[in-house]
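Coordinates from upload.pdb are shown below (PDB, C-alpha atoms).
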```pdb
ATOM      1  CA  GLU D   1     -18.743 -33.311 -14.759
ATOM      2  CA  ALA D   2     -15.521 -35.213 -14.096
ATOM      3  CA  ILE D   3     -13.505 -32.007 -13.786
ATOM      4  CA  ASP D   4     -14.131 -29.482 -11.047
ATOM      5  CA  PRO D   5     -14.790 -26.135 -12.790
ATOM      6  CA  THR D   6     -12.568 -24.317 -10.300
ATOM      7  CA  VAL D   7      -9.579 -25.854 -12.071
ATOM      8  CA  ILE D   8      -9.775 -23.033 -14.646
ATOM      9  CA  PRO D   9      -9.344 -20.142 -12.161
ATOM     10  CA  PHE D  10      -6.646 -22.223 -10.453
ATOM     11  CA  LEU D  11      -4.757 -22.656 -13.743
ATOM     12  CA  LYS D  12      -5.169 -18.965 -14.542
ATOM     13  CA  THR D  13      -3.819 -17.966 -11.122
ATOM     14  CA  THR D  14      -0.920 -20.421 -11.410
ATOM     15  CA  LEU D  15       0.121 -19.325 -14.903
ATOM     16  CA  THR D  16      -0.271 -15.659 -14.002
ATOM     17  CA  ALA D  17       1.976 -16.172 -10.976
ATOM     18  CA  TRP D  18       4.568 -18.072 -13.007
ATOM     19  CA  PHE D  19       4.896 -15.220 -15.480
ATOM     20  CA  ALA D  20       4.316 -12.316 -13.068
ATOM     21  CA  THR D  21       7.950 -11.217 -13.133
ATOM     22  CA  ALA D  22       8.503 -11.992 -16.813
ATOM     23  CA  PRO D  23       9.026  -9.107 -19.237
ATOM     24  CA  GLN D  24       5.659  -8.471 -20.884
ATOM     25  CA  GLN D  25       7.091  -6.701 -23.944
ATOM     26  CA  PRO D  26      10.325  -7.070 -25.901
ATOM     27  CA  GLY D  27      12.954  -4.503 -24.992
ATOM     28  CA  GLU D  28      13.550  -1.357 -27.002
ATOM     29  CA  THR D  29      16.701  -2.852 -28.459
ATOM     30  CA  GLY D  30      14.932  -6.092 -29.396
ATOM     31  CA  ASP D  31      16.839  -8.030 -26.748
ATOM     32  CA  ASP D  32      15.897 -11.526 -25.705
ATOM     33  CA  VAL D  33      13.038 -11.621 -23.174
ATOM     34  CA  TRP D  34      14.442 -14.813 -21.622
ATOM     35  CA  GLN D  35      17.790 -13.100 -21.077
ATOM     36  CA  ARG D  36      16.060 -10.101 -19.478
ATOM     37  CA  TRP D  37      13.961 -12.339 -17.245
ATOM     38  CA  ALA D  38      17.059 -14.283 -16.155
ATOM     39  CA  ALA D  39      18.827 -11.035 -15.267
ATOM     40  CA  GLN D  40      15.752  -9.726 -13.461
ATOM     41  CA  ILE D  41      15.396 -12.785 -11.218
ATOM     42  CA  GLN D  42      19.173 -13.175 -10.970
ATOM     43  CA  ILE D  43      19.665 -16.640 -12.393
ATOM     44  CA  ASP D  44      22.144 -17.820 -14.969
ATOM     45  CA  GLU D  45      20.973 -17.196 -18.529
ATOM     46  CA  GLU D  46      21.997 -20.734 -19.549
ATOM     47  CA  VAL D  47      19.813 -22.232 -16.807
ATOM     48  CA  MET D  48      16.910 -20.124 -18.053
ATOM     49  CA  LYS D  49      17.350 -21.097 -21.698
ATOM     50  CA  LYS D  50      18.399 -24.739 -21.316
ATOM     51  CA  HIS D  51      16.171 -25.785 -18.437
ATOM     52  CA  LEU D  52      13.357 -23.390 -17.545
ATOM     53  CA  ARG D  53      12.257 -22.497 -21.084
ATOM     54  CA  PRO D  54      11.997 -26.160 -22.261
ATOM     55  CA  ALA D  55      10.211 -27.134 -19.039
ATOM     56  CA  LEU D  56       7.643 -24.356 -19.448
ATOM     57  CA  ASP D  57       7.233 -25.311 -23.104
ATOM     58  CA  CYS D  58       6.480 -28.897 -22.094
ATOM     59  CA  VAL D  59       3.988 -27.896 -19.374
ATOM     60  CA  LEU D  60       2.093 -25.480 -21.611
ATOM     61  CA  GLU D  61       1.991 -27.957 -24.508
ATOM     62  CA  SER D  62       0.641 -30.623 -22.150
ATOM     63  CA  LEU D  63      -2.030 -28.249 -20.901
ATOM     64  CA  LEU D  64      -3.098 -27.514 -24.482
ATOM     65  CA  ARG D  65      -3.372 -31.242 -25.186
ATOM     66  CA  MET D  66      -6.199 -31.377 -22.655
ATOM     67  CA  TRP D  67      -8.398 -28.997 -24.663
ATOM     68  CA  LYS D  68     -11.214 -31.505 -25.169
ATOM     69  CA  ALA D  69     -11.634 -31.841 -21.411
ATOM     70  CA  LEU D  70     -10.870 -28.244 -20.388
ATOM     71  CA  ASP D  71     -12.720 -26.207 -23.031
ATOM     72  CA  PRO D  72     -16.195 -27.308 -21.885
ATOM     73  CA  VAL D  73     -15.224 -26.509 -18.286
ATOM     74  CA  CYS D  74     -14.310 -22.954 -19.357
ATOM     75  CA  LYS D  75     -17.973 -22.421 -20.239
ATOM     76  CA  HIS D  76     -19.279 -23.507 -16.827
ATOM     77  CA  PRO D  77     -21.450 -20.765 -15.264
ATOM     78  CA  ALA D  78     -19.688 -21.032 -11.897
ATOM     79  CA  ILE D  79     -16.392 -19.747 -13.305
ATOM     80  CA  MET D  80     -17.546 -17.188 -15.860
ATOM     81  CA  SER D  81     -15.872 -14.456 -13.782
ATOM     82  CA  SER D  82     -12.450 -15.824 -14.773
ATOM     83  CA  LYS D  83     -13.185 -14.631 -18.342
ATOM     84  CA  VAL D  84     -11.390 -17.607 -19.906
ATOM     85  CA  VAL D  85     -13.191 -18.962 -22.958
ATOM     86  CA  SER D  86     -10.842 -21.837 -23.789
ATOM     87  CA  VAL D  87      -7.537 -23.390 -22.790
ATOM     88  CA  GLY D  88      -5.873 -21.765 -25.828
ATOM     89  CA  HIS D  89      -7.186 -18.390 -24.697
ATOM     90  CA  LEU D  90      -5.847 -19.103 -21.192
ATOM     91  CA  VAL D  91      -2.314 -19.756 -22.490
ATOM     92  CA  LYS D  92      -2.348 -16.672 -24.725
ATOM     93  CA  LEU D  93      -3.730 -14.592 -21.858
ATOM     94  CA  CYS D  94      -1.106 -15.613 -19.288
ATOM     95  CA  VAL D  95       2.097 -16.124 -21.304
ATOM     96  CA  PRO D  96       3.788 -12.952 -22.574
ATOM     97  CA  ALA D  97       3.728 -12.839 -26.387
ATOM     98  CA  GLY D  98       7.495 -12.349 -26.612
ATOM     99  CA  MET D  99       8.031 -15.588 -24.708
ATOM    100  CA  LEU D 100       5.284 -17.518 -26.445
ATOM    101  CA  LYS D 101       7.091 -17.053 -29.762
ATOM    102  CA  SER D 102      10.115 -18.960 -28.447
ATOM    103  CA  LEU D 103       8.218 -22.001 -27.148
ATOM    104  CA  PRO D 104       8.120 -24.306 -30.196
ATOM    105  CA  MET D 105       6.021 -27.176 -28.812
ATOM    106  CA  THR D 106       3.482 -24.740 -27.380
ATOM    107  CA  GLN D 107       3.315 -22.814 -30.664
ATOM    108  CA  GLN D 108       2.805 -26.020 -32.631
ATOM    109  CA  ARG D 109       0.083 -27.203 -30.239
ATOM    110  CA  LEU D 110      -1.631 -23.783 -30.374
ATOM    111  CA  GLU D 111      -1.771 -24.026 -34.167
ATOM    112  CA  LYS D 112      -3.174 -27.551 -33.977
ATOM    113  CA  TYR D 113      -5.571 -26.487 -31.213
ATOM    114  CA  SER D 114      -6.842 -23.582 -33.325
ATOM    115  CA  ARG D 115      -7.604 -25.949 -36.203
ATOM    116  CA  ASN D 116      -9.361 -28.447 -33.894
ATOM    117  CA  ALA D 117     -11.300 -25.847 -31.943
ATOM    118  CA  SER D 118     -12.607 -24.214 -35.114
ATOM    119  CA  ALA D 119     -13.626 -27.513 -36.739
ATOM    120  CA  PRO D 120     -17.363 -27.883 -37.298
ATOM    121  CA  SER D 121     -19.008 -29.462 -34.283
ATOM    122  CA  SER D 122     -20.751 -32.047 -36.454
ATOM    123  CA  SER D 123     -17.364 -33.636 -37.161
ATOM    124  CA  ARG D 124     -16.727 -34.147 -33.448
ATOM    125  CA  LYS D 125     -18.595 -36.867 -31.624
ATOM    126  CA  VAL D 126     -18.977 -36.940 -27.881
ATOM    127  CA  LEU D 127     -19.655 -40.178 -26.094
ATOM    128  CA  SER D 128     -22.127 -39.765 -23.297
ATOM    129  CA  LEU D 129     -21.586 -42.134 -20.433
ATOM    130  CA  THR D 130     -25.042 -41.393 -19.086
ATOM    131  CA  ALA D 131     -26.954 -41.994 -22.315
ATOM    132  CA  PRO D 132     -29.260 -44.985 -22.407
ATOM    133  CA  THR D 133     -27.611 -48.045 -23.843
ATOM    134  CA  THR D 134     -28.785 -49.737 -26.992
ATOM    135  CA  LYS D 135     -29.335 -53.449 -26.795
ATOM    136  CA  LEU D 136     -27.945 -55.519 -29.602
ATOM    137  CA  LYS D 137     -30.210 -58.180 -30.971
ATOM    138  CA  PRO D 138     -28.952 -61.126 -32.974
ATOM    139  CA  ARG D 139     -30.093 -61.265 -36.598
ATOM    140  CA  SER D 140     -32.713 -63.803 -37.300
ATOM    141  CA  SER D 141     -31.954 -65.952 -40.285
TER     142      SER D 141
END
```
Would you mind writing the file's structure down as structure tokens?
Amino acid sequence: EAIDPTVIPFLKTTLTAWFATAPQQPGETGDDVWQRWAAQIQIDEEVMKKHLRPALDCVLESLLRMWKALDPVCKHPAIMSSKVVSVGHLVKLCVPAGMLKSLPMTQQRLEKYSRNASAPSSSRKVLSLTAPTTKLKPRSS
């Protein structure tokens, strides 16, 4: 309840907009998608590869770190129309596959996320802040 469910459609819209002009598929000659995107938006290829790519990698990896908070929000009935089932699904949905392969921190976090998300729910414990408290009683000797 601490996170407004509309954050998921907002994130989807933001990520979709960020990658709207990005090449969705590798070129026929197998050229670099980052190089093609740089040429398409008319920025220096070095700026794209040395600054934009690492920055996007950092942002996406940070977003994936928040899976414990964001995954339950993805299942909220108010935002079911966004068709996002998890934060990992959101990243895979919005980031072109050819680019995703060249984002090492994001790839590593996606692998870790997949292991965590598929872990049996009995191994995960959720602390409820609204649950009744248990009173501790001193032991009588």
Expand the PyMOL selection byres ((chain D and resi 21) around 12) into the individual residues it matches in the shown file, reporting them as a ChimeraX atom specification. /D:15-20,22-25,33-34,36-42,94-96
Could those residues be written to a file, using C-alpha atoms, as a JSON list (two decimals), in the coordinates of the input?
```
[["chain", "number", "residue", "atom", "x", "y", "z"],
["D", 15, "LEU", "CA", 0.12, -19.32, -14.90],
["D", 16, "THR", "CA", -0.27, -15.66, -14.00],
["D", 17, "ALA", "CA", 1.98, -16.17, -10.98],
["D", 18, "TRP", "CA", 4.57, -18.07, -13.01],
["D", 19, "PHE", "CA", 4.90, -15.22, -15.48],
["D", 20, "ALA", "CA", 4.32, -12.32, -13.07],
["D", 22, "ALA", "CA", 8.50, -11.99, -16.81],
["D", 23, "PRO", "CA", 9.03, -9.11, -19.24],
["D", 24, "GLN", "CA", 5.66, -8.47, -20.88],
["D", 25, "GLN", "CA", 7.09, -6.70, -23.94],
["D", 33, "VAL", "CA", 13.04, -11.62, -23.17],
["D", 34, "TRP", "CA", 14.44, -14.81, -21.62],
["D", 36, "ARG", "CA", 16.06, -10.10, -19.48],
["D", 37, "TRP", "CA", 13.96, -12.34, -17.24],
["D", 38, "ALA", "CA", 17.06, -14.28, -16.16],
["D", 39, "ALA", "CA", 18.83, -11.04, -15.27],
["D", 40, "GLN", "CA", 15.75, -9.73, -13.46],
["D", 41, "ILE", "CA", 15.40, -12.78, -11.22],
["D", 42, "GLN", "CA", 19.17, -13.18, -10.97],
["D", 94, "CYS", "CA", -1.11, -15.61, -19.29],
["D", 95, "VAL", "CA", 2.10, -16.12, -21.30],
["D", 96, "PRO", "CA", 3.79, -12.95, -22.57]]
```
Shell around Ser62 of chain D at 10 Å using only C-alpha atoms, local window under 6 positions removed, as a ChimeraX atom specification: /D:56,105-106,109
Show which residues sit within 12 Å of Leu63 of chain D, as a PyMOL selection string. Count only C-alpha atoms, and ignore same-chain residues fewer than 3 positions away. chain D and resi 7-8+11-12+15+56-60+66-71+86-91+105-106+109-110+113
Pairwise distance for atom CA of Asn116 of chain D and atom CA of Lys101 of chain D, rounded to one decimal in Å: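 Taking atom CA of Asn116 of chain D and atom CA of Lys101 of chain D, their separation equals 20.4 Å.
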Could you expand the PyMOL selection byres ((chain D and resi 74) around 9) into the explicit residues it covers here, written as a PyMOL selection string? chain D and resi 5+8+70-73+75-77+79-80+82-87
